[in-house]
Amino acid sequence: MTGPIRVPSPRGYPAATLHLTVDPTEHARRQQAGLGHITDSHCALLDTLMVLPADDPVPVDDLTERQQRDVRRAPAGILDLTPDLVTRHAIRPCRVDLATVHATCTRASIGRASSYAPICSRAIVTPTPPRRDYLLYEADFWGIGVLLDHGNGERETLVAPRPWRPKRHTPAAWRFAELAYASYLSHTPTPETTTTSNRAGEEARG
């Protein structure tokens, strides 16, 4: 995996910066297959994909009727399906390592950062020290880091974020990874766009 890459949080989640590690092999595979992120409309499909081992064929008859419907409706690039076998190729496209909320350290910002507790490590990046020391104790209690931004690229750790250890791989966690990956795709220029931009810049300089 490559990273970290910083992207905005998906719509519907508290404003934060997500620090991602993108799986380059899965990203390249999806690009080649013309597959982006697996969308919200495919939530039921993620439940089914979770029961299928990656790159290991499974007899279609071993699936329930609902699971068989899910795999038949799956967009191209997610799996291969024959009359007898289904093989899942899609895996989680990225890992969300950290969510940083950029705000002064208050109970409100601690609450915003806490929203990401089931997903990743969290931290508040604040331009000024908290006015009340108990806020640092509260942040530490919830495992939320507090980083003081001095404005010159230097950040002082007032409270270290607690490392996040997933208890298990769930469809909800996979869904959020897909949303984070969608943010990555929408905020990262494609190679063609980058080449065109570079060429335009060279022509302007010439």
# chains A, B, ... in the order shown; residues from 1 in each chain; ligands from 1

$ select_by_dssp --residues "segment 25-110 of chain A" --states "strand (DSSP E)" --output "short mmCIF file (atom, residue, chain, number, x, y, z; two decimals) with N, CA, C and O atoms, in the first residue's frame"
data_model
loop_
_atom_site.label_atom_id
_atom_site.label_comp_id
_atom_site.auth_asym_id
_atom_site.auth_seq_id
_atom_site.Cartn_x
_atom_site.Cartn_y
_atom_site.Cartn_z
N VAL A 58 -16.12 -20.07 -5.75
CA VAL A 58 -17.12 -20.67 -4.86
C VAL A 58 -18.29 -21.14 -5.72
O VAL A 58 -18.74 -20.41 -6.61
N PRO A 59 -18.80 -22.35 -5.49
CA PRO A 59 -19.98 -22.80 -6.24
C PRO A 59 -21.18 -21.88 -6.02
O PRO A 59 -21.48 -21.52 -4.88
N LEU A 79 -16.38 -9.04 -9.59
CA LEU A 79 -16.26 -10.49 -9.51
C LEU A 79 -16.40 -11.09 -10.89
O LEU A 79 -16.79 -10.42 -11.85
N ASP A 80 -16.06 -12.36 -10.99
CA ASP A 80 -16.30 -13.15 -12.20
C ASP A 80 -17.38 -14.16 -11.87
O ASP A 80 -17.35 -14.80 -10.81
N LEU A 81 -18.30 -14.32 -12.82
CA LEU A 81 -19.42 -15.23 -12.59
C LEU A 81 -19.62 -16.12 -13.80
O LEU A 81 -19.71 -15.65 -14.94
N LEU A 85 -19.72 -21.07 -10.98
CA LEU A 85 -18.78 -20.55 -10.01
C LEU A 85 -18.82 -19.02 -9.94
O LEU A 85 -19.08 -18.36 -10.95
N VAL A 86 -18.54 -18.49 -8.76
CA VAL A 86 -18.38 -17.05 -8.59
C VAL A 86 -17.03 -16.82 -7.90
O VAL A 86 -16.68 -17.52 -6.95
N THR A 87 -16.28 -15.85 -8.42
CA THR A 87 -14.96 -15.53 -7.87
C THR A 87 -14.89 -14.04 -7.57
O THR A 87 -15.01 -13.22 -8.48
N ARG A 88 -14.72 -13.71 -6.32
CA ARG A 88 -14.60 -12.30 -5.93
C ARG A 88 -13.17 -11.82 -6.17
O ARG A 88 -12.22 -12.46 -5.76
N CYS A 94 -8.64 0.74 0.26
CA CYS A 94 -7.75 1.58 1.05
C CYS A 94 -7.97 1.31 2.53
O CYS A 94 -8.94 0.66 2.93
N ARG A 95 -7.05 1.81 3.33
CA ARG A 95 -7.18 1.76 4.78
C ARG A 95 -7.19 3.20 5.29
O ARG A 95 -6.35 4.01 4.90
N VAL A 96 -8.15 3.50 6.15
CA VAL A 96 -8.21 4.83 6.77
C VAL A 96 -7.40 4.75 8.06
O VAL A 96 -7.77 4.06 9.00
N ASP A 97 -6.27 5.45 8.08
CA ASP A 97 -5.36 5.37 9.23
C ASP A 97 -5.72 6.38 10.32
O ASP A 97 -5.58 6.08 11.51
N LEU A 98 -6.17 7.57 9.91
CA LEU A 98 -6.37 8.65 10.88
C LEU A 98 -7.38 9.64 10.33
O LEU A 98 -7.39 9.92 9.13
N ALA A 99 -8.23 10.17 11.21
CA ALA A 99 -9.11 11.29 10.87
C ALA A 99 -8.73 12.46 11.75
O ALA A 99 -8.68 12.34 12.98
N THR A 100 -8.43 13.59 11.14
CA THR A 100 -8.07 14.79 11.90
C THR A 100 -9.15 15.84 11.74
O THR A 100 -9.56 16.17 10.61
N VAL A 101 -9.62 16.35 12.86
CA VAL A 101 -10.60 17.44 12.88
C VAL A 101 -9.83 18.73 13.15
O VAL A 101 -9.12 18.84 14.16
N HIS A 102 -9.94 19.69 12.27
CA HIS A 102 -9.21 20.95 12.40
C HIS A 102 -10.12 21.99 13.06
O HIS A 102 -11.00 22.56 12.41
#

$ residues_around --residues "Ser183 of chain A" --least-positions-apart "5" --cutoff "9 Å" --atoms "only C-alpha atoms" --output "list of chain:residue names"
A:Val7, A:Pro8, A:Ser9, A:Pro10, A:Glu178, A:Thr188

$ write_last_selection --atoms "N, CA and C atoms" --output "PDB file, in the first residue's frame"
ATOM      1  N   VAL A   7      -7.342  13.266   2.204  1.00  0.00           N
ATOM      2  CA  VAL A   7      -8.538  13.603   1.434  1.00  0.00           C
ATOM      3  C   VAL A   7      -9.612  14.110   2.396  1.00  0.00           C
ATOM      4  N   PRO A   8     -10.576  14.890   1.883  1.00  0.00           N
ATOM      5  CA  PRO A   8     -11.679  15.333   2.745  1.00  0.00           C
ATOM      6  C   PRO A   8     -12.579  14.159   3.130  1.00  0.00           C
ATOM      7  N   SER A   9     -13.242  14.283   4.271  1.00  0.00           N
ATOM      8  CA  SER A   9     -14.181  13.245   4.694  1.00  0.00           C
ATOM      9  C   SER A   9     -15.372  13.200   3.744  1.00  0.00           C
ATOM     10  N   PRO A  10     -16.020  12.036   3.607  1.00  0.00           N
ATOM     11  CA  PRO A  10     -17.173  11.927   2.709  1.00  0.00           C
ATOM     12  C   PRO A  10     -18.357  12.749   3.196  1.00  0.00           C
ATOM     13  N   GLU A 178     -14.839   2.402   1.020  1.00  0.00           N
ATOM     14  CA  GLU A 178     -15.245   2.741  -0.341  1.00  0.00           C
ATOM     15  C   GLU A 178     -15.571   4.231  -0.455  1.00  0.00           C
ATOM     16  N   THR A 188      -8.025  13.360  -6.674  1.00  0.00           N
ATOM     17  CA  THR A 188      -6.729  13.010  -7.235  1.00  0.00           C
ATOM     18  C   THR A 188      -6.821  13.065  -8.744  1.00  0.00           C
TER      19      THR A 188
END

$ residues_around --residues "segment 167-174 of chain A" --least-positions-apart "5" --cutoff "7 Å" --atoms "only C-alpha atoms" --output "number ranges by chain"
A: 46-47, 50, 92, 119

$ write_last_selection --atoms "N, CA and C atoms" --output "PDB file, in the first residue's frame"
ATOM      1  N   LEU A  46     -22.019  -5.723  -0.634  1.00  0.00           N
ATOM      2  CA  LEU A  46     -20.870  -5.843   0.266  1.00  0.00           C
ATOM      3  C   LEU A  46     -21.095  -6.942   1.299  1.00  0.00           C
ATOM      4  N   ASP A  47     -22.330  -7.079   1.780  1.00  0.00           N
ATOM      5  CA  ASP A  47     -22.639  -8.171   2.710  1.00  0.00           C
ATOM      6  C   ASP A  47     -22.338  -9.519   2.073  1.00  0.00           C
ATOM      7  N   MET A  50     -18.567 -10.209   1.513  1.00  0.00           N
ATOM      8  CA  MET A  50     -17.862 -10.569   2.735  1.00  0.00           C
ATOM      9  C   MET A  50     -17.811 -12.072   2.963  1.00  0.00           C
ATOM     10  N   ARG A  92     -10.953  -4.447  -0.183  1.00  0.00           N
ATOM     11  CA  ARG A  92     -11.023  -3.080   0.331  1.00  0.00           C
ATOM     12  C   ARG A  92      -9.937  -2.245  -0.350  1.00  0.00           C
ATOM     13  N   ILE A 119     -13.865   3.552  13.171  1.00  0.00           N
ATOM     14  CA  ILE A 119     -13.236   3.468  11.851  1.00  0.00           C
ATOM     15  C   ILE A 119     -11.721   3.572  11.899  1.00  0.00           C
TER      16      ILE A 119
END

$ closest_residue --among "A:Leu158, A:Leu45, A:Arg66, A:Ala180" --to "Arg11 of chain A" --atoms "only C-alpha atoms"
A:Ala180

$ closest_residue --among "A:Pro161, A:Thr39, A:Glu65, A:Ala28" --to "Gly145 of chain A" --atoms "only C-alpha atoms"
A:Pro161

$ atom_distance --atom1 "atom CA of Arg132 of chain A" --atom2 "atom CA of Gly151 of chain A"
21.3 Å

$ atom_distance --atom1 "atom CA of Gln32 of chain A" --atom2 "atom CA of His187 of chain A"
19.1 Å

$ select_by_dssp --residues "segment 67-194 of chain A" --states "helix (DSSP H, G or I)" --output "PyMOL selection string"
chain A and resi 67-73+107-114+133-141+171-187+191-194

$ closest_residue --among "A:Arg73, A:Ala15, A:His89, A:Gly34" --to "Ala54 of chain A" --atoms "only C-alpha atoms"
A:His89

$ closest_residue --among "A:Arg30, A:Arg162, A:Arg6, A:His19" --to "Ile78 of chain A" --atoms "only C-alpha atoms"
A:Arg30

$ residues_around --residues "Arg155 of chain A" --least-positions-apart "4" --cutoff "10 Å" --atoms "only C-alpha atoms" --output "PyMOL selection string"
chain A and resi 125-127+146-151

$ residues_around --residues "segment 105-114 of chain A" --least-positions-apart "5" --cutoff "7 Å" --atoms "only C-alpha atoms" --output "JSON, numbers by chain"
{"A": [14, 122, 123, 124, 126, 130, 135, 139]}

$ write_last_selection --atoms "N, CA and C atoms" --output "PDB file, in the first residue's frame"
ATOM      1  N   PRO A  14     -18.852  14.078   9.816  1.00  0.00           N
ATOM      2  CA  PRO A  14     -18.296  15.343  10.319  1.00  0.00           C
ATOM      3  C   PRO A  14     -17.059  15.758   9.526  1.00  0.00           C
ATOM      4  N   ARG A 122      -8.102   8.976  15.782  1.00  0.00           N
ATOM      5  CA  ARG A 122      -8.639  10.327  15.626  1.00  0.00           C
ATOM      6  C   ARG A 122      -7.745  11.336  16.322  1.00  0.00           C
ATOM      7  N   ALA A 123      -7.767  12.558  15.799  1.00  0.00           N
ATOM      8  CA  ALA A 123      -7.001  13.632  16.429  1.00  0.00           C
ATOM      9  C   ALA A 123      -7.652  14.966  16.091  1.00  0.00           C
ATOM     10  N   ILE A 124      -7.470  15.918  16.999  1.00  0.00           N
ATOM     11  CA  ILE A 124      -7.896  17.296  16.768  1.00  0.00           C
ATOM     12  C   ILE A 124      -6.643  18.126  16.525  1.00  0.00           C
ATOM     13  N   THR A 126      -5.480  21.770  16.533  1.00  0.00           N
ATOM     14  CA  THR A 126      -5.973  23.040  17.054  1.00  0.00           C
ATOM     15  C   THR A 126      -4.937  24.152  16.883  1.00  0.00           C
ATOM     16  N   PRO A 130      -6.010  24.349  24.374  1.00  0.00           N
ATOM     17  CA  PRO A 130      -7.350  24.410  24.976  1.00  0.00           C
ATOM     18  C   PRO A 130      -7.382  25.390  26.151  1.00  0.00           C
ATOM     19  N   LEU A 135     -10.125  19.522  29.125  1.00  0.00           N
ATOM     20  CA  LEU A 135     -10.423  19.090  27.760  1.00  0.00           C
ATOM     21  C   LEU A 135      -9.357  18.121  27.247  1.00  0.00           C
ATOM     22  N   ALA A 139     -10.167  14.368  26.006  1.00  0.00           N
ATOM     23  CA  ALA A 139      -9.704  13.849  24.720  1.00  0.00           C
ATOM     24  C   ALA A 139      -8.900  12.568  24.922  1.00  0.00           C
TER      25      ALA A 139
END

$ atom_distance --atom1 "atom CA of Cys120 of chain A" --atom2 "atom CA of Trp164 of chain A"
5.5 Å

$ residues_around --residues "Ile38 of chain A" --least-positions-apart "2" --cutoff "10 Å" --atoms "only C-alpha atoms" --output "ChimeraX atom specification"
/A:35-36,40-43,45-46,74-75,78,90,92-93,174-175,177-179,181-182

$ decode --residues "segment 156-174 of chain A" --atoms "N, CA and C atoms" --output "PDB file, in the first residue's frame"
ATOM      1  N   GLU A 156       2.786  20.254  17.560  1.00  0.00           N
ATOM      2  CA  GLU A 156       3.200  19.760  18.878  1.00  0.00           C
ATOM      3  C   GLU A 156       2.133  18.809  19.416  1.00  0.00           C
ATOM      4  N   THR A 157       2.545  17.639  19.839  1.00  0.00           N
ATOM      5  CA  THR A 157       1.603  16.657  20.359  1.00  0.00           C
ATOM      6  C   THR A 157       1.309  16.961  21.826  1.00  0.00           C
ATOM      7  N   LEU A 158       0.080  17.404  22.082  1.00  0.00           N
ATOM      8  CA  LEU A 158      -0.370  17.619  23.461  1.00  0.00           C
ATOM      9  C   LEU A 158      -0.949  16.335  24.037  1.00  0.00           C
ATOM     10  N   VAL A 159      -1.642  15.589  23.188  1.00  0.00           N
ATOM     11  CA  VAL A 159      -2.161  14.269  23.549  1.00  0.00           C
ATOM     12  C   VAL A 159      -1.955  13.368  22.343  1.00  0.00           C
ATOM     13  N   ALA A 160      -1.344  12.223  22.542  1.00  0.00           N
ATOM     14  CA  ALA A 160      -1.109  11.302  21.435  1.00  0.00           C
ATOM     15  C   ALA A 160      -2.392  10.540  21.110  1.00  0.00           C
ATOM     16  N   PRO A 161      -2.747  10.418  19.826  1.00  0.00           N
ATOM     17  CA  PRO A 161      -3.934   9.633  19.476  1.00  0.00           C
ATOM     18  C   PRO A 161      -3.725   8.161  19.800  1.00  0.00           C
ATOM     19  N   ARG A 162      -4.767   7.532  20.295  1.00  0.00           N
ATOM     20  CA  ARG A 162      -4.682   6.113  20.614  1.00  0.00           C
ATOM     21  C   ARG A 162      -4.674   5.296  19.324  1.00  0.00           C
ATOM     22  N   PRO A 163      -3.758   4.345  19.188  1.00  0.00           N
ATOM     23  CA  PRO A 163      -3.767   3.489  17.994  1.00  0.00           C
ATOM     24  C   PRO A 163      -5.101   2.760  17.868  1.00  0.00           C
ATOM     25  N   TRP A 164      -5.555   2.630  16.633  1.00  0.00           N
ATOM     26  CA  TRP A 164      -6.839   1.968  16.380  1.00  0.00           C
ATOM     27  C   TRP A 164      -6.581   0.550  15.898  1.00  0.00           C
ATOM     28  N   ARG A 165      -7.225  -0.382  16.543  1.00  0.00           N
ATOM     29  CA  ARG A 165      -7.062  -1.788  16.170  1.00  0.00           C
ATOM     30  C   ARG A 165      -8.430  -2.372  15.848  1.00  0.00           C
ATOM     31  N   PRO A 166      -8.673  -2.697  14.585  1.00  0.00           N
ATOM     32  CA  PRO A 166      -9.990  -3.242  14.230  1.00  0.00           C
ATOM     33  C   PRO A 166     -10.216  -4.597  14.886  1.00  0.00           C
ATOM     34  N   LYS A 167     -11.429  -4.774  15.402  1.00  0.00           N
ATOM     35  CA  LYS A 167     -11.752  -6.054  16.020  1.00  0.00           C
ATOM     36  C   LYS A 167     -12.104  -7.106  14.971  1.00  0.00           C
ATOM     37  N   ARG A 168     -12.711  -6.649  13.890  1.00  0.00           N
ATOM     38  CA  ARG A 168     -13.048  -7.571  12.807  1.00  0.00           C
ATOM     39  C   ARG A 168     -13.367  -6.763  11.555  1.00  0.00           C
ATOM     40  N   HIS A 169     -13.324  -7.450  10.423  1.00  0.00           N
ATOM     41  CA  HIS A 169     -13.623  -6.825   9.151  1.00  0.00           C
ATOM     42  C   HIS A 169     -15.131  -6.905   8.926  1.00  0.00           C
ATOM     43  N   THR A 170     -15.796  -5.753   8.798  1.00  0.00           N
ATOM     44  CA  THR A 170     -17.248  -5.718   8.681  1.00  0.00           C
ATOM     45  C   THR A 170     -17.667  -5.035   7.381  1.00  0.00           C
ATOM     46  N   PRO A 171     -18.890  -5.311   6.907  1.00  0.00           N
ATOM     47  CA  PRO A 171     -19.380  -4.592   5.729  1.00  0.00           C
ATOM     48  C   PRO A 171     -19.413  -3.082   5.952  1.00  0.00           C
ATOM     49  N   ALA A 172     -19.722  -2.637   7.181  1.00  0.00           N
ATOM     50  CA  ALA A 172     -19.764  -1.193   7.460  1.00  0.00           C
ATOM     51  C   ALA A 172     -18.379  -0.569   7.297  1.00  0.00           C
ATOM     52  N   ALA A 173     -17.340  -1.269   7.773  1.00  0.00           N
ATOM     53  CA  ALA A 173     -15.976  -0.755   7.624  1.00  0.00           C
ATOM     54  C   ALA A 173     -15.568  -0.725   6.155  1.00  0.00           C
ATOM     55  N   TRP A 174     -15.958  -1.755   5.418  1.00  0.00           N
ATOM     56  CA  TRP A 174     -15.656  -1.798   3.985  1.00  0.00           C
ATOM     57  C   TRP A 174     -16.385  -0.657   3.278  1.00  0.00           C
TER      58      TRP A 174
END
